[in-house]
Amino acid sequence: MARRAVEQELSRERILEAARHLFITKGYRAISMRSIGQHLGYSHGSLYYHFKEKAELFYAIVVEDFNHVATLLNQVMHTPLEPGMTRVEQLIMEFIRFGIDHPYQYEIMFMIRDEELLAYCRAEQGRCFELFASIVRCHMKEEGYVSEDWQSIPLTLFLSAHGFISYYIQDKVSFEDVRQAALTHVKVLSRSL
C-alpha cells in the first residue's frame, strides 16, 4: 500500500485511542511503537509519520485529554444552571461524569504511578486543577465566602471528586449508573461549605 494511503487510513486519533488503551491495560513500559502498530494492524513505521517516539505519543495523549477536560469545565461556566444546582455543583458533576465515562483517559491523567510518566502529567494536572479552582473561587466570591477559604475549599472539592471517581472507576460503570450517588456526594460536599 502506498505511504499516502496508509497515512490517510491510520489517523492520529486512531493511534492515540489505541495507545491510550494499551498504556492503561498493559503499562507504558510493556508497550512499544511496534506493539501499537500491531494492535492497529499496521507496521510501526507508519506510526512514526505521526509521532517521533513513544514518549511524544504519550504526551500527545495527556495534552489531548486535559484539553478536553478544560473545554468541559469551561462549558459549565456558560451553560444554564440545572434546577436545584449551583455552578460549583454542576462543575463537580461534570468532572465526575468525565472521569467515570472516560476511565482510560482519567487513569492516565490522574492515576498513573510511573515516575517518568508523572513528569508528563504534573504540569497538565496543575493546569486542570487551577481551572477548576478558579471556577470555584469565582463562585465563592459571588456567594460572599471569606478569602481565607478560597485556597482550601477548591482543593478539598477537587480531591473529593477524585476520590469518588477513583472508587467507582474500578467497577467499569457508566455515569448514568452512578448519577444518583454522584449527586448525593456533590450535595453533601456543598452542605459542608
# chains A, B, ... in the order shown; residues from 1 in each chain; ligands from 1
$ residues_around --residues "A:Phe175" --least-positions-apart "3" --cutoff "7 Å" --atoms "only C-alpha atoms" --output "list in words"
Arg97, Ile100, Asp101, Val178 and Arg179 of chain A
$ write_last_selection --atoms "N, CA and C atoms" --output "compact mmCIF listing (two decimals), in the first residue's frame"
# COMPACT_ATOMS: atom_id res chain seq x y z
N ARG A 97 -18.51 13.10 35.80
CA ARG A 97 -19.01 12.48 34.57
C ARG A 97 -17.85 12.11 33.63
N ILE A 100 -15.79 9.06 35.09
CA ILE A 100 -16.49 7.78 35.05
C ILE A 100 -16.69 7.30 33.60
N ASP A 101 -17.05 8.21 32.72
CA ASP A 101 -17.32 7.82 31.33
C ASP A 101 -16.07 7.69 30.46
N VAL A 178 -24.16 5.68 38.15
CA VAL A 178 -23.82 6.24 39.46
C VAL A 178 -24.28 7.70 39.62
N ARG A 179 -25.11 8.15 38.70
CA ARG A 179 -25.56 9.56 38.73
C ARG A 179 -26.14 9.94 40.08
$ residues_around --residues "A:Leu16" --least-positions-apart "5" --cutoff "12 Å" --atoms "only C-alpha atoms" --output "PDB file with all heavy atoms, in the first residue's frame"
ATOM      1  N   LEU A  10      -4.602   5.510   8.648  1.00  0.00           N
ATOM      2  CA  LEU A  10      -4.157   5.439  10.039  1.00  0.00           C
ATOM      3  C   LEU A  10      -4.089   6.860  10.593  1.00  0.00           C
ATOM      4  O   LEU A  10      -3.083   7.539  10.478  1.00  0.00           O
ATOM      5  CB  LEU A  10      -2.794   4.748  10.142  1.00  0.00           C
ATOM      6  CG  LEU A  10      -2.294   4.503  11.557  1.00  0.00           C
ATOM      7  CD1 LEU A  10      -3.267   3.623  12.326  1.00  0.00           C
ATOM      8  CD2 LEU A  10      -0.921   3.860  11.515  1.00  0.00           C
ATOM      9  N   SER A  11      -5.177   7.297  11.172  1.00  0.00           N
ATOM     10  CA  SER A  11      -5.251   8.674  11.663  1.00  0.00           C
ATOM     11  C   SER A  11      -4.567   8.815  13.015  1.00  0.00           C
ATOM     12  O   SER A  11      -4.408   7.847  13.772  1.00  0.00           O
ATOM     13  CB  SER A  11      -6.711   9.110  11.780  1.00  0.00           C
ATOM     14  OG  SER A  11      -7.341   8.403  12.826  1.00  0.00           O
ATOM     15  N   HIS A  21      -5.431   3.029  25.330  1.00  0.00           N
ATOM     16  CA  HIS A  21      -5.946   1.759  25.849  1.00  0.00           C
ATOM     17  C   HIS A  21      -4.801   0.814  26.220  1.00  0.00           C
ATOM     18  O   HIS A  21      -4.809   0.216  27.308  1.00  0.00           O
ATOM     19  CB  HIS A  21      -6.858   1.111  24.804  1.00  0.00           C
ATOM     20  CG  HIS A  21      -7.325  -0.246  25.189  1.00  0.00           C
ATOM     21  ND1 HIS A  21      -8.283  -0.443  26.155  1.00  0.00           N
ATOM     22  CD2 HIS A  21      -6.936  -1.482  24.778  1.00  0.00           C
ATOM     23  CE1 HIS A  21      -8.480  -1.745  26.308  1.00  0.00           C
ATOM     24  NE2 HIS A  21      -7.670  -2.398  25.482  1.00  0.00           N
ATOM     25  N   LEU A  22      -3.810   0.683  25.367  1.00  0.00           N
ATOM     26  CA  LEU A  22      -2.690  -0.225  25.635  1.00  0.00           C
ATOM     27  C   LEU A  22      -1.847   0.240  26.819  1.00  0.00           C
ATOM     28  O   LEU A  22      -1.403  -0.580  27.625  1.00  0.00           O
ATOM     29  CB  LEU A  22      -1.823  -0.380  24.380  1.00  0.00           C
ATOM     30  CG  LEU A  22      -2.477  -1.148  23.235  1.00  0.00           C
ATOM     31  CD1 LEU A  22      -1.635  -1.047  21.970  1.00  0.00           C
ATOM     32  CD2 LEU A  22      -2.720  -2.598  23.622  1.00  0.00           C
ATOM     33  N   PHE A  23      -1.609   1.537  26.935  1.00  0.00           N
ATOM     34  CA  PHE A  23      -0.818   2.046  28.059  1.00  0.00           C
ATOM     35  C   PHE A  23      -1.494   1.721  29.384  1.00  0.00           C
ATOM     36  O   PHE A  23      -0.832   1.388  30.360  1.00  0.00           O
ATOM     37  CB  PHE A  23      -0.598   3.556  27.948  1.00  0.00           C
ATOM     38  CG  PHE A  23       0.359   3.978  26.870  1.00  0.00           C
ATOM     39  CD1 PHE A  23       0.250   5.222  26.282  1.00  0.00           C
ATOM     40  CD2 PHE A  23       1.382   3.151  26.436  1.00  0.00           C
ATOM     41  CE1 PHE A  23       1.127   5.630  25.294  1.00  0.00           C
ATOM     42  CE2 PHE A  23       2.270   3.541  25.446  1.00  0.00           C
ATOM     43  CZ  PHE A  23       2.138   4.794  24.870  1.00  0.00           C
ATOM     44  N   MET A  33       6.225   1.033  20.162  1.00  0.00           N
ATOM     45  CA  MET A  33       5.595   1.541  18.944  1.00  0.00           C
ATOM     46  C   MET A  33       5.215   0.345  18.057  1.00  0.00           C
ATOM     47  O   MET A  33       4.177   0.355  17.419  1.00  0.00           O
ATOM     48  CB  MET A  33       6.520   2.508  18.214  1.00  0.00           C
ATOM     49  CG  MET A  33       6.765   3.807  18.969  1.00  0.00           C
ATOM     50  SD  MET A  33       5.294   4.837  19.141  1.00  0.00           S
ATOM     51  CE  MET A  33       5.463   5.859  17.683  1.00  0.00           C
ATOM     52  N   ILE A  36       1.958  -1.181  19.330  1.00  0.00           N
ATOM     53  CA  ILE A  36       0.816  -0.318  18.999  1.00  0.00           C
ATOM     54  C   ILE A  36       0.456  -0.507  17.526  1.00  0.00           C
ATOM     55  O   ILE A  36      -0.715  -0.655  17.171  1.00  0.00           O
ATOM     56  CB  ILE A  36       1.125   1.163  19.307  1.00  0.00           C
ATOM     57  CG1 ILE A  36       1.322   1.358  20.811  1.00  0.00           C
ATOM     58  CG2 ILE A  36       0.001   2.069  18.797  1.00  0.00           C
ATOM     59  CD1 ILE A  36       1.926   2.697  21.198  1.00  0.00           C
ATOM     60  N   GLY A  37       1.473  -0.528  16.669  1.00  0.00           N
ATOM     61  CA  GLY A  37       1.233  -0.764  15.250  1.00  0.00           C
ATOM     62  C   GLY A  37       0.565  -2.104  15.001  1.00  0.00           C
ATOM     63  O   GLY A  37      -0.397  -2.206  14.234  1.00  0.00           O
ATOM     64  N   LEU A  40      -3.051  -2.119  15.843  1.00  0.00           N
ATOM     65  CA  LEU A  40      -3.844  -1.422  14.831  1.00  0.00           C
ATOM     66  C   LEU A  40      -3.831  -2.122  13.469  1.00  0.00           C
ATOM     67  O   LEU A  40      -4.566  -1.732  12.563  1.00  0.00           O
ATOM     68  CB  LEU A  40      -3.327   0.007  14.666  1.00  0.00           C
ATOM     69  CG  LEU A  40      -3.594   0.941  15.841  1.00  0.00           C
ATOM     70  CD1 LEU A  40      -2.749   2.198  15.750  1.00  0.00           C
ATOM     71  CD2 LEU A  40      -5.074   1.296  15.886  1.00  0.00           C
ATOM     72  N   LEU A  47       3.470   4.556  12.230  1.00  0.00           N
ATOM     73  CA  LEU A  47       3.201   5.409  13.401  1.00  0.00           C
ATOM     74  C   LEU A  47       4.158   6.590  13.447  1.00  0.00           C
ATOM     75  O   LEU A  47       3.803   7.670  13.927  1.00  0.00           O
ATOM     76  CB  LEU A  47       3.331   4.607  14.696  1.00  0.00           C
ATOM     77  CG  LEU A  47       2.436   3.400  14.875  1.00  0.00           C
ATOM     78  CD1 LEU A  47       2.717   2.735  16.213  1.00  0.00           C
ATOM     79  CD2 LEU A  47       0.984   3.754  14.753  1.00  0.00           C
ATOM     80  N   HIS A  50       3.332  10.108  12.359  1.00  0.00           N
ATOM     81  CA  HIS A  50       2.583  10.971  13.276  1.00  0.00           C
ATOM     82  C   HIS A  50       3.367  11.320  14.543  1.00  0.00           C
ATOM     83  O   HIS A  50       3.193  12.405  15.100  1.00  0.00           O
ATOM     84  CB  HIS A  50       1.272  10.292  13.674  1.00  0.00           C
ATOM     85  CG  HIS A  50       0.344  10.043  12.535  1.00  0.00           C
ATOM     86  ND1 HIS A  50      -0.456  11.021  11.994  1.00  0.00           N
ATOM     87  CD2 HIS A  50       0.102   8.920  11.809  1.00  0.00           C
ATOM     88  CE1 HIS A  50      -1.170  10.522  11.001  1.00  0.00           C
ATOM     89  NE2 HIS A  50      -0.848   9.242  10.869  1.00  0.00           N
ATOM     90  N   PHE A  51       4.197  10.387  15.034  1.00  0.00           N
ATOM     91  CA  PHE A  51       4.916  10.585  16.303  1.00  0.00           C
ATOM     92  C   PHE A  51       6.351  10.089  16.162  1.00  0.00           C
ATOM     93  O   PHE A  51       6.575   8.996  15.674  1.00  0.00           O
ATOM     94  CB  PHE A  51       4.218   9.821  17.439  1.00  0.00           C
ATOM     95  CG  PHE A  51       2.782  10.220  17.626  1.00  0.00           C
ATOM     96  CD1 PHE A  51       1.760   9.466  17.071  1.00  0.00           C
ATOM     97  CD2 PHE A  51       2.452  11.363  18.327  1.00  0.00           C
ATOM     98  CE1 PHE A  51       0.434   9.840  17.216  1.00  0.00           C
ATOM     99  CE2 PHE A  51       1.135  11.749  18.480  1.00  0.00           C
ATOM    100  CZ  PHE A  51       0.115  10.982  17.920  1.00  0.00           C
ATOM    101  N   LYS A  54       7.724   7.031  21.355  1.00  0.00           N
ATOM    102  CA  LYS A  54       6.649   6.645  22.271  1.00  0.00           C
ATOM    103  C   LYS A  54       6.357   7.752  23.289  1.00  0.00           C
ATOM    104  O   LYS A  54       5.188   8.016  23.600  1.00  0.00           O
ATOM    105  CB  LYS A  54       7.019   5.338  22.975  1.00  0.00           C
ATOM    106  CG  LYS A  54       5.944   4.807  23.878  1.00  0.00           C
ATOM    107  CD  LYS A  54       6.243   3.419  24.404  1.00  0.00           C
ATOM    108  CE  LYS A  54       7.329   3.431  25.455  1.00  0.00           C
ATOM    109  NZ  LYS A  54       7.417   2.162  26.198  1.00  0.00           N
ATOM    110  N   GLU A  56       6.632  10.955  22.926  1.00  0.00           N
ATOM    111  CA  GLU A  56       5.871  12.017  22.258  1.00  0.00           C
ATOM    112  C   GLU A  56       4.403  11.604  22.111  1.00  0.00           C
ATOM    113  O   GLU A  56       3.496  12.412  22.312  1.00  0.00           O
ATOM    114  CB  GLU A  56       6.467  12.321  20.887  1.00  0.00           C
ATOM    115  CG  GLU A  56       5.722  13.414  20.145  1.00  0.00           C
ATOM    116  CD  GLU A  56       6.253  13.649  18.737  1.00  0.00           C
ATOM    117  OE1 GLU A  56       7.353  13.176  18.399  1.00  0.00           O
ATOM    118  OE2 GLU A  56       5.534  14.312  17.968  1.00  0.00           O
ATOM    119  N   LEU A  57       4.182  10.342  21.788  1.00  0.00           N
ATOM    120  CA  LEU A  57       2.827   9.810  21.680  1.00  0.00           C
ATOM    121  C   LEU A  57       2.113   9.892  23.030  1.00  0.00           C
ATOM    122  O   LEU A  57       0.968  10.339  23.117  1.00  0.00           O
ATOM    123  CB  LEU A  57       2.879   8.363  21.176  1.00  0.00           C
ATOM    124  CG  LEU A  57       1.586   7.552  21.155  1.00  0.00           C
ATOM    125  CD1 LEU A  57       0.495   8.248  20.367  1.00  0.00           C
ATOM    126  CD2 LEU A  57       1.862   6.174  20.592  1.00  0.00           C
ATOM    127  N   PHE A  58       2.789   9.495  24.088  1.00  0.00           N
ATOM    128  CA  PHE A  58       2.185   9.552  25.425  1.00  0.00           C
ATOM    129  C   PHE A  58       1.823  10.992  25.792  1.00  0.00           C
ATOM    130  O   PHE A  58       0.722  11.268  26.271  1.00  0.00           O
ATOM    131  CB  PHE A  58       3.126   8.970  26.481  1.00  0.00           C
ATOM    132  CG  PHE A  58       2.522   8.987  27.852  1.00  0.00           C
ATOM    133  CD1 PHE A  58       1.637   7.994  28.241  1.00  0.00           C
ATOM    134  CD2 PHE A  58       2.801  10.010  28.741  1.00  0.00           C
ATOM    135  CE1 PHE A  58       1.051   8.021  29.495  1.00  0.00           C
ATOM    136  CE2 PHE A  58       2.226  10.047  29.995  1.00  0.00           C
ATOM    137  CZ  PHE A  58       1.345   9.048  30.377  1.00  0.00           C
ATOM    138  N   TYR A  59       2.751  11.914  25.554  1.00  0.00           N
ATOM    139  CA  TYR A  59       2.483  13.312  25.892  1.00  0.00           C
ATOM    140  C   TYR A  59       1.317  13.860  25.078  1.00  0.00           C
ATOM    141  O   TYR A  59       0.494  14.623  25.599  1.00  0.00           O
ATOM    142  CB  TYR A  59       3.735  14.163  25.703  1.00  0.00           C
ATOM    143  CG  TYR A  59       3.543  15.570  26.206  1.00  0.00           C
ATOM    144  CD1 TYR A  59       3.334  15.818  27.564  1.00  0.00           C
ATOM    145  CD2 TYR A  59       3.531  16.645  25.342  1.00  0.00           C
ATOM    146  CE1 TYR A  59       3.129  17.105  28.033  1.00  0.00           C
ATOM    147  CE2 TYR A  59       3.333  17.936  25.802  1.00  0.00           C
ATOM    148  CZ  TYR A  59       3.132  18.160  27.147  1.00  0.00           C
ATOM    149  OH  TYR A  59       2.922  19.427  27.619  1.00  0.00           O
ATOM    150  N   ALA A  60       1.196  13.463  23.827  1.00  0.00           N
ATOM    151  CA  ALA A  60       0.073  13.912  22.998  1.00  0.00           C
ATOM    152  C   ALA A  60      -1.256  13.441  23.595  1.00  0.00           C
ATOM    153  O   ALA A  60      -2.247  14.180  23.585  1.00  0.00           O
ATOM    154  CB  ALA A  60       0.230  13.401  21.569  1.00  0.00           C
ATOM    155  N   ILE A  61      -1.258  12.230  24.131  1.00  0.00           N
ATOM    156  CA  ILE A  61      -2.469  11.706  24.789  1.00  0.00           C
ATOM    157  C   ILE A  61      -2.808  12.561  26.009  1.00  0.00           C
ATOM    158  O   ILE A  61      -3.956  12.971  26.203  1.00  0.00           O
ATOM    159  CB  ILE A  61      -2.268  10.231  25.199  1.00  0.00           C
ATOM    160  CG1 ILE A  61      -2.218   9.339  23.963  1.00  0.00           C
ATOM    161  CG2 ILE A  61      -3.362   9.771  26.165  1.00  0.00           C
ATOM    162  CD1 ILE A  61      -1.759   7.922  24.246  1.00  0.00           C
ATOM    163  N   VAL A  62      -1.814  12.830  26.821  1.00  0.00           N
ATOM    164  CA  VAL A  62      -2.023  13.615  28.044  1.00  0.00           C
ATOM    165  C   VAL A  62      -2.572  15.004  27.707  1.00  0.00           C
ATOM    166  O   VAL A  62      -3.563  15.457  28.287  1.00  0.00           O
ATOM    167  CB  VAL A  62      -0.705  13.714  28.846  1.00  0.00           C
ATOM    168  CG1 VAL A  62      -0.815  14.739  29.962  1.00  0.00           C
ATOM    169  CG2 VAL A  62      -0.325  12.354  29.403  1.00  0.00           C
ATOM    170  N   VAL A  63      -1.952  15.675  26.764  1.00  0.00           N
ATOM    171  CA  VAL A  63      -2.382  17.032  26.400  1.00  0.00           C
ATOM    172  C   VAL A  63      -3.795  17.011  25.829  1.00  0.00           C
ATOM    173  O   VAL A  63      -4.637  17.847  26.196  1.00  0.00           O
ATOM    174  CB  VAL A  63      -1.385  17.672  25.410  1.00  0.00           C
ATOM    175  CG1 VAL A  63      -1.948  18.948  24.803  1.00  0.00           C
ATOM    176  CG2 VAL A  63      -0.066  17.950  26.110  1.00  0.00           C
ATOM    177  N   GLU A  64      -4.077  16.061  24.955  1.00  0.00           N
ATOM    178  CA  GLU A  64      -5.414  15.971  24.362  1.00  0.00           C
ATOM    179  C   GLU A  64      -6.480  15.764  25.435  1.00  0.00           C
ATOM    180  O   GLU A  64      -7.522  16.415  25.421  1.00  0.00           O
ATOM    181  CB  GLU A  64      -5.452  14.827  23.352  1.00  0.00           C
ATOM    182  CG  GLU A  64      -6.802  14.664  22.676  1.00  0.00           C
ATOM    183  CD  GLU A  64      -6.802  13.522  21.686  1.00  0.00           C
ATOM    184  OE1 GLU A  64      -7.082  12.374  22.104  1.00  0.00           O
ATOM    185  OE2 GLU A  64      -6.515  13.780  20.511  1.00  0.00           O
ATOM    186  N   ASP A  65      -6.221  14.865  26.366  1.00  0.00           N
ATOM    187  CA  ASP A  65      -7.210  14.577  27.398  1.00  0.00           C
ATOM    188  C   ASP A  65      -7.425  15.763  28.348  1.00  0.00           C
ATOM    189  O   ASP A  65      -8.557  16.082  28.702  1.00  0.00           O
ATOM    190  CB  ASP A  65      -6.812  13.329  28.178  1.00  0.00           C
ATOM    191  CG  ASP A  65      -6.908  12.061  27.326  1.00  0.00           C
ATOM    192  OD1 ASP A  65      -7.551  12.098  26.261  1.00  0.00           O
ATOM    193  OD2 ASP A  65      -6.325  11.042  27.735  1.00  0.00           O
ATOM    194  N   TYR A 104     -10.154   5.219  30.851  1.00  0.00           N
ATOM    195  CA  TYR A 104      -8.767   5.106  30.379  1.00  0.00           C
ATOM    196  C   TYR A 104      -8.074   6.466  30.415  1.00  0.00           C
ATOM    197  O   TYR A 104      -6.944   6.592  30.876  1.00  0.00           O
ATOM    198  CB  TYR A 104      -8.693   4.530  28.964  1.00  0.00           C
ATOM    199  CG  TYR A 104      -9.148   3.106  28.860  1.00  0.00           C
ATOM    200  CD1 TYR A 104     -10.039   2.714  27.877  1.00  0.00           C
ATOM    201  CD2 TYR A 104      -8.686   2.128  29.746  1.00  0.00           C
ATOM    202  CE1 TYR A 104     -10.471   1.395  27.778  1.00  0.00           C
ATOM    203  CE2 TYR A 104      -9.113   0.817  29.654  1.00  0.00           C
ATOM    204  CZ  TYR A 104     -10.002   0.459  28.672  1.00  0.00           C
ATOM    205  OH  TYR A 104     -10.420  -0.836  28.574  1.00  0.00           O
ATOM    206  N   GLN A 105      -8.792   7.471  29.931  1.00  0.00           N
ATOM    207  CA  GLN A 105      -8.219   8.810  29.951  1.00  0.00           C
ATOM    208  C   GLN A 105      -7.960   9.263  31.383  1.00  0.00           C
ATOM    209  O   GLN A 105      -6.894   9.786  31.694  1.00  0.00           O
ATOM    210  CB  GLN A 105      -9.147   9.822  29.262  1.00  0.00           C
ATOM    211  CG  GLN A 105      -9.221   9.666  27.780  1.00  0.00           C
ATOM    212  CD  GLN A 105     -10.364   8.775  27.337  1.00  0.00           C
ATOM    213  OE1 GLN A 105     -10.731   7.804  27.988  1.00  0.00           O
ATOM    214  NE2 GLN A 105     -10.935   9.076  26.186  1.00  0.00           N
TER     215      GLN A 105
END
$ select_by_dssp --residues "stretch 2-191 of chain A" --states "helix (DSSP H, G or I)" --output "ChimeraX atom specification"
/A:3-9,12-26,33-40,44-47,54-76,87-101,103-111,115-143,149-169,175-191
$ write_last_selection --atoms "C-alpha atoms" --output "compact mmCIF listing (two decimals), in the first residue's frame"
# COMPACT_ATOMS: atom_id res chain seq x y z
CA ARG A 3 2.57 5.56 2.03
CA ARG A 4 -0.04 8.29 1.40
CA ALA A 5 -2.89 5.73 1.55
CA VAL A 6 -1.58 4.30 4.84
CA GLU A 7 -1.23 7.77 6.33
CA GLN A 8 -4.80 8.62 5.40
CA GLU A 9 -6.21 5.42 6.87
CA ARG A 12 -3.62 10.38 14.60
CA GLU A 13 -6.87 9.88 16.55
CA ARG A 14 -6.86 6.11 15.99
CA ILE A 15 -3.27 5.90 17.16
CA LEU A 16 -3.98 7.98 20.27
CA GLU A 17 -7.02 5.89 21.21
CA ALA A 18 -5.22 2.56 20.71
CA ALA A 19 -2.12 3.73 22.57
CA ARG A 20 -4.21 5.12 25.44
CA HIS A 21 -5.95 1.76 25.85
CA LEU A 22 -2.69 -0.22 25.64
CA PHE A 23 -0.82 2.05 28.06
CA ILE A 24 -3.55 1.55 30.66
CA THR A 25 -4.16 -2.17 30.16
CA LYS A 26 -0.56 -3.31 29.69
CA MET A 33 5.59 1.54 18.94
CA ARG A 34 5.76 -1.87 17.27
CA SER A 35 3.08 -3.34 19.57
CA ILE A 36 0.82 -0.32 19.00
CA GLY A 37 1.23 -0.76 15.25
CA GLN A 38 0.46 -4.49 15.53
CA HIS A 39 -2.63 -3.73 17.61
CA LEU A 40 -3.84 -1.42 14.83
CA HIS A 44 5.29 0.51 13.47
CA GLY A 45 6.91 2.61 10.74
CA SER A 46 3.52 4.05 9.83
CA LEU A 47 3.20 5.41 13.40
CA LYS A 54 6.65 6.64 22.27
CA ALA A 55 7.16 9.48 24.78
CA GLU A 56 5.87 12.02 22.26
CA LEU A 57 2.83 9.81 21.68
CA PHE A 58 2.18 9.55 25.42
CA TYR A 59 2.48 13.31 25.89
CA ALA A 60 0.07 13.91 23.00
CA ILE A 61 -2.47 11.71 24.79
CA VAL A 62 -2.02 13.61 28.04
CA VAL A 63 -2.38 17.03 26.40
CA GLU A 64 -5.41 15.97 24.36
CA ASP A 65 -7.21 14.58 27.40
CA PHE A 66 -6.52 17.58 29.62
CA ASN A 67 -7.61 19.96 26.84
CA HIS A 68 -10.86 18.01 26.59
CA VAL A 69 -11.46 18.35 30.33
CA ALA A 70 -10.66 22.07 30.18
CA THR A 71 -13.26 22.50 27.46
CA LEU A 72 -15.87 20.65 29.53
CA LEU A 73 -15.14 22.69 32.65
CA ASN A 74 -15.25 25.96 30.73
CA GLN A 75 -18.61 24.97 29.21
CA VAL A 76 -20.04 24.66 32.71
CA ARG A 87 -22.47 26.39 39.36
CA VAL A 88 -19.94 24.57 41.59
CA GLU A 89 -22.20 21.53 41.90
CA GLN A 90 -22.51 21.37 38.12
CA LEU A 91 -18.74 21.75 37.82
CA ILE A 92 -18.11 18.81 40.15
CA MET A 93 -20.76 16.69 38.43
CA GLU A 94 -19.18 17.36 35.03
CA PHE A 95 -15.74 16.42 36.34
CA ILE A 96 -17.15 13.20 37.81
CA ARG A 97 -19.01 12.48 34.57
CA PHE A 98 -15.79 12.76 32.58
CA GLY A 99 -13.86 10.50 34.95
CA ILE A 100 -16.49 7.78 35.05
CA ASP A 101 -17.32 7.82 31.33
CA PRO A 103 -11.85 5.66 32.57
CA TYR A 104 -8.77 5.11 30.38
CA GLN A 105 -8.22 8.81 29.95
CA TYR A 106 -8.81 9.53 33.63
CA GLU A 107 -6.40 6.83 34.75
CA ILE A 108 -3.64 8.19 32.54
CA MET A 109 -4.36 11.76 33.63
CA PHE A 110 -4.64 11.29 37.38
CA MET A 111 -3.84 7.74 38.48
CA GLU A 115 7.62 8.41 37.95
CA GLU A 116 8.87 9.03 34.42
CA LEU A 117 5.31 9.45 33.14
CA LEU A 118 4.26 11.65 36.03
CA ALA A 119 6.65 14.26 34.65
CA TYR A 120 4.43 14.44 31.56
CA CYS A 121 1.28 14.72 33.66
CA ARG A 122 2.17 17.06 36.54
CA ALA A 123 2.04 20.34 34.63
CA GLU A 124 -1.23 19.38 32.97
CA GLN A 125 -2.71 18.22 36.29
CA GLY A 126 -1.79 21.58 37.80
CA ARG A 127 -3.35 23.45 34.88
CA CYS A 128 -6.55 21.40 35.22
CA PHE A 129 -6.74 21.98 38.96
CA GLU A 130 -6.14 25.72 38.56
CA LEU A 131 -9.02 25.98 36.08
CA PHE A 132 -11.27 24.00 38.45
CA ALA A 133 -10.15 26.15 41.40
CA SER A 134 -10.66 29.43 39.53
CA ILE A 135 -14.26 28.49 38.73
CA VAL A 136 -14.87 27.52 42.38
CA ARG A 137 -13.25 30.75 43.64
CA CYS A 138 -15.35 32.84 41.26
CA HIS A 139 -18.48 31.22 42.68
CA MET A 140 -17.20 31.71 46.24
CA LYS A 141 -16.63 35.43 45.62
CA GLU A 142 -20.13 35.79 44.21
CA GLU A 143 -21.57 33.98 47.24
CA ASP A 149 -11.38 29.67 52.31
CA TRP A 150 -10.50 30.42 48.69
CA GLN A 151 -7.39 28.20 48.78
CA SER A 152 -8.57 25.23 50.84
CA ILE A 153 -12.10 24.68 49.54
CA PRO A 154 -11.26 24.22 45.83
CA LEU A 155 -8.62 21.60 46.71
CA THR A 156 -11.00 19.80 49.08
CA LEU A 157 -13.72 19.67 46.42
CA PHE A 158 -11.30 18.52 43.72
CA LEU A 159 -9.84 15.77 45.90
CA SER A 160 -13.29 14.64 46.96
CA ALA A 161 -14.44 14.38 43.33
CA HIS A 162 -11.24 12.49 42.52
CA GLY A 163 -11.94 10.08 45.39
CA PHE A 164 -15.46 9.45 44.10
CA ILE A 165 -14.17 8.74 40.60
CA SER A 166 -11.34 6.53 41.90
CA TYR A 167 -13.80 4.44 43.87
CA TYR A 168 -16.29 3.86 41.03
CA ILE A 169 -13.86 3.72 38.09
CA PHE A 175 -22.01 7.86 34.75
CA GLU A 176 -25.73 7.11 34.43
CA ASP A 177 -25.22 4.07 36.67
CA VAL A 178 -23.82 6.24 39.46
CA ARG A 179 -25.56 9.56 38.73
CA GLN A 180 -27.67 9.46 41.91
CA ALA A 181 -24.68 8.56 44.08
CA ALA A 182 -22.68 11.37 42.43
CA LEU A 183 -25.48 13.87 43.02
CA THR A 184 -25.76 12.84 46.67
CA HIS A 185 -21.99 13.13 47.05
CA VAL A 186 -21.96 16.60 45.49
CA LYS A 187 -24.88 17.81 47.63
CA VAL A 188 -23.16 16.59 50.82
CA LEU A 189 -20.00 18.44 49.78
CA SER A 190 -22.00 21.60 49.12
CA ARG A 191 -23.68 21.44 52.53
$ atom_distance --atom1 "atom CA of A:Tyr42" --atom2 "atom CA of A:His102"
25.7 Å
$ atom_distance --atom1 "atom CA of A:Tyr48" --atom2 "atom CA of A:Ser32"
12.0 Å
$ atom_distance --atom1 "atom CA of A:Ile31" --atom2 "atom CA of A:Ser174"
27.3 Å
